[in-house]
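Only one structure is covered here, and it is reproduced in the block below.
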Amino acid sequence: MLLPLLLAVQMASADTMSVYIGRQNQLAVEIPRFEADVVIDGSLDEPAWSKAGLLTGFSQFSPSDGIAAADSTQVLVWYSPTAIHFGIRAFEQHGQVHATLADRDRIFSDDNIQILLSTFNDGRQATVFMVNPFGVQADGSLVETGQAGSTGIFGGGAVSRDPTNLNPDFVFQSKGRVTDYGFEVEVRIPFKSLRYQSADQQTWGVNVVRQVQHSGYEDSWAPARQSSASFLSQSGKLVGLSEINRGLVLDLQPELTGRIDGTPSGNGWNYERRDPQLGGNVRWGVTNNLFLNATANPDFAQIESDAGQVTFDPRQSLFFAEKRPFFLDGSEQFNTPNSLIYTRRVVQPVGAVKLTGNTFGTNIGFLSAMDDREVSRSGEDHPFYNLLRVQRDVGAGSRLGVVYTDRIEGDNYNRVLGADGRITFGGIYTMRFQAAGSRTRFAGTTTDAPLWYGAFVRNGHTIGIRYAINAISEDFRAQSGFIGRGGIVNADFVHSVTGYGKAGAFFERFSQDVQFHSTWRYRDFIHGKEAQDLKLHFNSAATLRGGWTPGFAVLIETFGYDPSIYTDFAVEVPRAGSPGQFDTLAFTGPQTPDIPNLDLVASLNTPEFSHFSGNVFSLYGHDENFFEWSSGELFILNGGATWRPNDKIRLELSYQHQQVNRRTDGSLVDIQKIPRLKLEYQVSRPFFIRLIGEYFTQHTDSLRDASRTGGRILVFDPELGDFARTTAQKNRSFRAD
């Protein structure tokens, strides 16, 4: 600690620098304003830095909070008429600095600094600017929802702060270098990259977070408690900002796209050349806090392909994250419980316009889009989307919002109107609610249906509680949103206990929770009938010295028969007294109403070593065999590893394995494997080469009613107009990007 203390004394000796020590709650920061500019080169040697405000005295936030940070950090800050400047000196005396020349938003295997600016000073949302020791950038938005990530395997365990949404990208300059004492980074954030208030005198929330990879610690300048219902509300303040000049914000991105479609024909291929298509994007800062985006005929060929997923429960839809830049900008304004807005429903927009920002203390997100005819049911109609999201802060830490979505395709439409809110009280308590209704017109028939949700959370330092219920009617439709599974009611009751070790202890944090989960079919719940599925999970998770995070869980479950999955199934059984003749019987489900399950789960995440990191997840036990609706043996193995041999090369390998065997004779029902390899070579900070290879293989046996009649399972074939025997199938595919 001697070197940083000496340096701080030298810097403060000019009698022009104000020092703000976070651990002493010196959180109201009056930073100087200079009519100056500096070269962003990673060296804090210009005169302005010697007169900047100094933020120091960091505290550890994770895995344990409330203790002094082991590694010292100093943050210099000042502003000019057009930008705010940050200079970071990070001292590293206990381990090696982790730094690579990574791609944007891919710096979390490195040491990194995160600057959180709450420009509306509401303690609920912030713009986040992140840099690694070389100044490589990551950025995004943080809007607190009260649904922070958990360390447990299945949603239990100690609760941490809300994650940053890395989808938005902002323009800012940064450069850094590794030094003999750690690393040093210089950051310039133009005011035109920020949305902020219209007042002459501004007060912004501010915090700086440091992630130290050799220890796995996360440090915070403003002392923050994990038990608080809000991380942002514990930030410091930048006070007295004035005479800031945003200037004109106008981005234009023209695009010219050529396309040739090839289809196999005999021994060759037929090619159809499309006319070149002119399109582009425009982004205009209408005011300090409102942005208007528009796009026409956008091309998304540069977007990385989605990673393959293995599905186990056929009742659950697979979710793929939005990656397209036009839809990502300002996407935080469209967040809703139950994801009533999901922009990937707009498949290939012909044109779209979007307005996002804050006005009169209200957050607004509006999107209107016309999709391509090819994605409509008829192939002739353009689907039209209108999505509106409005939110307003209420009191300290609370927020109310409304949402409206409208999808029109020819004479058919789907409209959803809803209201939701988040109320915090007592520092550690949160209540959330949502109520929505859909109206859907299809083929001349109009249907109305409800959705409702409520949750109570106690985010205590030691004792945590979460009670939640989520109900979605069978007829509820959100054609502009994402509903993973409709027609059900889910209820969760979770109690957790978290313990913390002393500094340097082997166990730095340990959590144990008990989760009881019930699922009803919606109409059964309304009429007071029994639940379909019952789950009792015992989840354990730990953070060990050095950043190792093991987890273990025991799952005790009971699954009830769901006839909606098997409407096209039948069973073929021998006809009595007639050899070689068969009868077709209805598939009526199990002889017993429920299937009991018992699974064991284990997981492990390694620390972020300087050149390697990895993770593994495994599940084994008795679980439902959805293919034949019987009790089966389920084995799931997911793993990944990242190797960084130098600061330019990144090699990522992932593997997904899922296997179901019959409990009656141990024979294979289904096996799916997805190995995926991604290689990135960062030629320079703005330019990289990416190669992705993904292989998918699946082997499914011919299905039989092994646990009941022993007969073959038949599936209705629309082309034959009759039931047909299932046959063993093998599928293989390879995809390159």
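Following the order of the structure tokens, first chain is A, next is B, and so on, with residues numbered from 1 inside each chain and ligands from 1 in the order they appear.
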Near Ala296 in chain A, within 9 Å and counting only C-alpha atoms, which residues show up once chain neighbours fewer than 6 positions away are dropped, as a short mmCIF file (atom, residue, chain, number, x, y, z; two decimals) with N, CA and C atoms, in the first residue's frame?
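And here's around-v6.cif as it stands now:
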```cif
data_model
loop_
_atom_site.label_atom_id
_atom_site.label_comp_id
_atom_site.auth_asym_id
_atom_site.auth_seq_id
_atom_site.Cartn_x
_atom_site.Cartn_y
_atom_site.Cartn_z
N LEU A 278 -30.66 -0.70 -51.61
CA LEU A 278 -30.10 0.43 -50.88
C LEU A 278 -30.87 0.64 -49.59
N GLY A 279 -30.16 0.80 -48.50
CA GLY A 279 -30.79 1.03 -47.21
C GLY A 279 -29.86 1.80 -46.30
N GLY A 280 -30.20 1.83 -45.03
CA GLY A 280 -29.34 2.52 -44.09
C GLY A 280 -30.03 2.84 -42.79
N ASN A 281 -29.28 3.46 -41.89
CA ASN A 281 -29.76 3.82 -40.57
C ASN A 281 -29.42 5.28 -40.28
N PRO A 349 -37.18 -6.15 -41.20
CA PRO A 349 -37.95 -4.92 -41.41
C PRO A 349 -37.66 -4.26 -42.76
N VAL A 350 -38.73 -3.86 -43.42
CA VAL A 350 -38.58 -3.01 -44.61
C VAL A 350 -38.25 -1.59 -44.17
N GLY A 351 -38.88 -1.17 -43.10
CA GLY A 351 -38.60 0.13 -42.51
C GLY A 351 -39.06 0.16 -41.08
N ALA A 352 -38.41 1.00 -40.26
CA ALA A 352 -38.78 1.11 -38.85
C ALA A 352 -38.33 2.46 -38.32
N VAL A 353 -39.04 2.94 -37.31
CA VAL A 353 -38.68 4.19 -36.63
C VAL A 353 -38.83 3.97 -35.14
#
```
Would you pick out the contacts of range 311-321 of chain A at 10 Å or less, using only C-alpha atoms, so that residues sharing its chain but fewer than 4 positions from it are not included, and give the list as a list in words?
Asn167, Asp306, Ala307, Tyr342, Thr343, Arg344, Phe482, Ile483, Gly484, Arg485, Gly486, Asp562, Ser564, Ile565, Glu624, Asn625, Phe626, Phe627, Leu634, Ile636, Gln658, Gln659, Val660 and Gln672 of chain A
Using only C-alpha atoms, which residues sit within 7 Å of Val19 in chain A once same-chain residues fewer than 2 positions away are excluded, as a count of residues only?
5
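Atom pair CA of Thr697 in chain A / CA of Asn267 in chain A has a distance of 26.1 Å (rounded to one decimal).
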What does the distance between CA of Asp665 in chain A and CA of Ala706 in chain A come to in Å, to one decimal place?
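CA of Ala706 in chain A lies 8.8 Å from CA of Asp665 in chain A.
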To one decimal in Å, tell me the separation between CA of Asp111 in chain A and CA of Pro675 in chain A.
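Result for CA of Asp111 in chain A versus CA of Pro675 in chain A: 28.6 Å, one decimal.
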9 Å contact set for Ser43 in chain A, only C-alpha atoms, chain neighbours under 4 positions out, as a list in words:
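Contacts, with the query itself left out: Val39, Gly87, Lys175, Gly176, Arg177, Glu184, Val185 and Glu186 of chain A.
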Same residues, C-alpha atoms, saved as a CSV table (one decimal), in the first residue's frame:
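Okay, selection-v6.csv is ready:
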```csv
chain,number,residue,atom,x,y,z
A,39,VAL,CA,-4.7,13.5,-25.8
A,87,GLY,CA,-8.2,8.8,-15.3
A,175,LYS,CA,-6.6,4.0,-23.9
A,176,GLY,CA,-4.5,2.3,-21.2
A,177,ARG,CA,-1.3,0.7,-20.4
A,184,GLU,CA,-3.4,3.2,-16.0
A,185,VAL,CA,-6.3,4.1,-18.2
A,186,GLU,CA,-7.5,7.4,-19.7
```
Pick out the residues sitting within 7 Å of Ala602 in chain A, and hand them over as number ranges by chain; count only C-alpha atoms, and ignore anything fewer than 3 positions along from it in its own chain.
A: 551-553, 617-619
To test your reading of the structure, identify every residue in range 430-502 of chain A that backbone DSSP assigns to strand (DSSP E), and report it as a PyMOL selection string.
chain A and resi 430-442+445-459+463-472+488-500
Distance query Phe300 in chain A at most 10 Å, only C-alpha atoms, self and fewer than 5 positions along chain excluded, as a PDB file with all heavy atoms, in the first residue's frame:
```pdb
ATOM      1  N   LYS A 323     -29.656  -9.208 -31.191  1.00  0.00           N
ATOM      2  CA  LYS A 323     -28.273  -8.826 -31.467  1.00  0.00           C
ATOM      3  C   LYS A 323     -28.163  -7.708 -32.504  1.00  0.00           C
ATOM      4  O   LYS A 323     -27.068  -7.206 -32.752  1.00  0.00           O
ATOM      5  CB  LYS A 323     -27.478 -10.041 -31.972  1.00  0.00           C
ATOM      6  CG  LYS A 323     -27.370 -11.188 -30.979  1.00  0.00           C
ATOM      7  CD  LYS A 323     -26.566 -12.340 -31.546  1.00  0.00           C
ATOM      8  CE  LYS A 323     -26.440 -13.473 -30.558  1.00  0.00           C
ATOM      9  NZ  LYS A 323     -25.639 -14.608 -31.112  1.00  0.00           N
ATOM     10  N   ARG A 324     -29.258  -7.303 -33.120  1.00  0.00           N
ATOM     11  CA  ARG A 324     -29.215  -6.345 -34.223  1.00  0.00           C
ATOM     12  C   ARG A 324     -29.104  -4.921 -33.700  1.00  0.00           C
ATOM     13  O   ARG A 324     -29.899  -4.503 -32.853  1.00  0.00           O
ATOM     14  CB  ARG A 324     -30.455  -6.521 -35.098  1.00  0.00           C
ATOM     15  CG  ARG A 324     -30.557  -7.904 -35.719  1.00  0.00           C
ATOM     16  CD  ARG A 324     -31.908  -8.149 -36.365  1.00  0.00           C
ATOM     17  NE  ARG A 324     -32.986  -8.174 -35.393  1.00  0.00           N
ATOM     18  CZ  ARG A 324     -34.273  -8.332 -35.718  1.00  0.00           C
ATOM     19  NH1 ARG A 324     -34.616  -8.495 -36.984  1.00  0.00           N
ATOM     20  NH2 ARG A 324     -35.191  -8.339 -34.771  1.00  0.00           N
ATOM     21  N   PRO A 325     -28.131  -4.154 -34.196  1.00  0.00           N
ATOM     22  CA  PRO A 325     -27.829  -2.835 -33.613  1.00  0.00           C
ATOM     23  C   PRO A 325     -29.020  -1.888 -33.567  1.00  0.00           C
ATOM     24  O   PRO A 325     -29.210  -1.174 -32.580  1.00  0.00           O
ATOM     25  CB  PRO A 325     -26.712  -2.303 -34.515  1.00  0.00           C
ATOM     26  CG  PRO A 325     -26.066  -3.520 -35.086  1.00  0.00           C
ATOM     27  CD  PRO A 325     -27.165  -4.513 -35.254  1.00  0.00           C
ATOM     28  N   PHE A 326     -29.832  -1.829 -34.620  1.00  0.00           N
ATOM     29  CA  PHE A 326     -30.946  -0.878 -34.615  1.00  0.00           C
ATOM     30  C   PHE A 326     -31.874  -1.128 -33.440  1.00  0.00           C
ATOM     31  O   PHE A 326     -32.339  -0.189 -32.786  1.00  0.00           O
ATOM     32  CB  PHE A 326     -31.726  -0.963 -35.931  1.00  0.00           C
ATOM     33  CG  PHE A 326     -32.991  -0.147 -35.917  1.00  0.00           C
ATOM     34  CD1 PHE A 326     -32.950   1.218 -36.131  1.00  0.00           C
ATOM     35  CD2 PHE A 326     -34.224  -0.745 -35.655  1.00  0.00           C
ATOM     36  CE1 PHE A 326     -34.121   1.976 -36.097  1.00  0.00           C
ATOM     37  CE2 PHE A 326     -35.392   0.001 -35.618  1.00  0.00           C
ATOM     38  CZ  PHE A 326     -35.342   1.368 -35.845  1.00  0.00           C
ATOM     39  N   GLN A 348     -37.469  -9.216 -40.619  1.00  0.00           N
ATOM     40  CA  GLN A 348     -36.683  -8.496 -41.620  1.00  0.00           C
ATOM     41  C   GLN A 348     -37.410  -7.207 -41.975  1.00  0.00           C
ATOM     42  O   GLN A 348     -38.199  -7.163 -42.916  1.00  0.00           O
ATOM     43  CB  GLN A 348     -36.473  -9.351 -42.875  1.00  0.00           C
ATOM     44  CG  GLN A 348     -35.626  -8.683 -43.946  1.00  0.00           C
ATOM     45  CD  GLN A 348     -34.276  -8.231 -43.416  1.00  0.00           C
ATOM     46  OE1 GLN A 348     -33.504  -9.025 -42.892  1.00  0.00           O
ATOM     47  NE2 GLN A 348     -33.989  -6.939 -43.529  1.00  0.00           N
TER      48      GLN A 348
END
```
A:Arg273, A:Lys237, A:Arg246, A:Arg712: which is nearest Asn288 in chain A, counting only C-alpha atoms?
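Between A:Arg273, A:Lys237, A:Arg246, A:Arg712, the residue approaching Asn288 in chain A most closely is A:Arg246.
Using only C-alpha atoms, the residues found no farther than 6 Å from Phe493 in chain A, other than those of its own chain fewer than 3 positions away, are A:Arg466, A:Tyr467, A:Gln515, A:Phe516.
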Hey, can you spit out that residue selection with N, CA and C atoms as an mmCIF file, in the first residue's frame?
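And here is the file that came out, again03.cif:
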```cif
data_model
loop_
_atom_site.group_PDB
_atom_site.id
_atom_site.type_symbol
_atom_site.label_atom_id
_atom_site.label_comp_id
_atom_site.auth_asym_id
_atom_site.auth_seq_id
_atom_site.Cartn_x
_atom_site.Cartn_y
_atom_site.Cartn_z
ATOM 1 N N ARG A 466 -37.979 -14.910 -1.335
ATOM 2 C CA ARG A 466 -38.655 -14.539 -2.583
ATOM 3 C C ARG A 466 -39.929 -15.357 -2.721
ATOM 4 N N TYR A 467 -41.062 -14.651 -2.794
ATOM 5 C CA TYR A 467 -42.348 -15.271 -3.071
ATOM 6 C C TYR A 467 -42.863 -14.675 -4.378
ATOM 7 N N GLN A 515 -36.086 -24.100 -2.312
ATOM 8 C CA GLN A 515 -37.045 -23.529 -3.249
ATOM 9 C C GLN A 515 -38.179 -24.511 -3.485
ATOM 10 N N PHE A 516 -39.397 -24.042 -3.285
ATOM 11 C CA PHE A 516 -40.584 -24.838 -3.590
ATOM 12 C C PHE A 516 -41.292 -24.196 -4.772
#
```
Once DSSP has gone over the backbone, tell me which residues of range 546-632 of chain A are in helix (DSSP H, G or I), as a PyMOL selection string.
chain A and resi 563-566
Across A:Leu388, A:Ile689, A:Val239, A:Ala99, the smallest distance to Asn335 in chain A, with only C-alpha atoms counted, is shown by A:Leu388
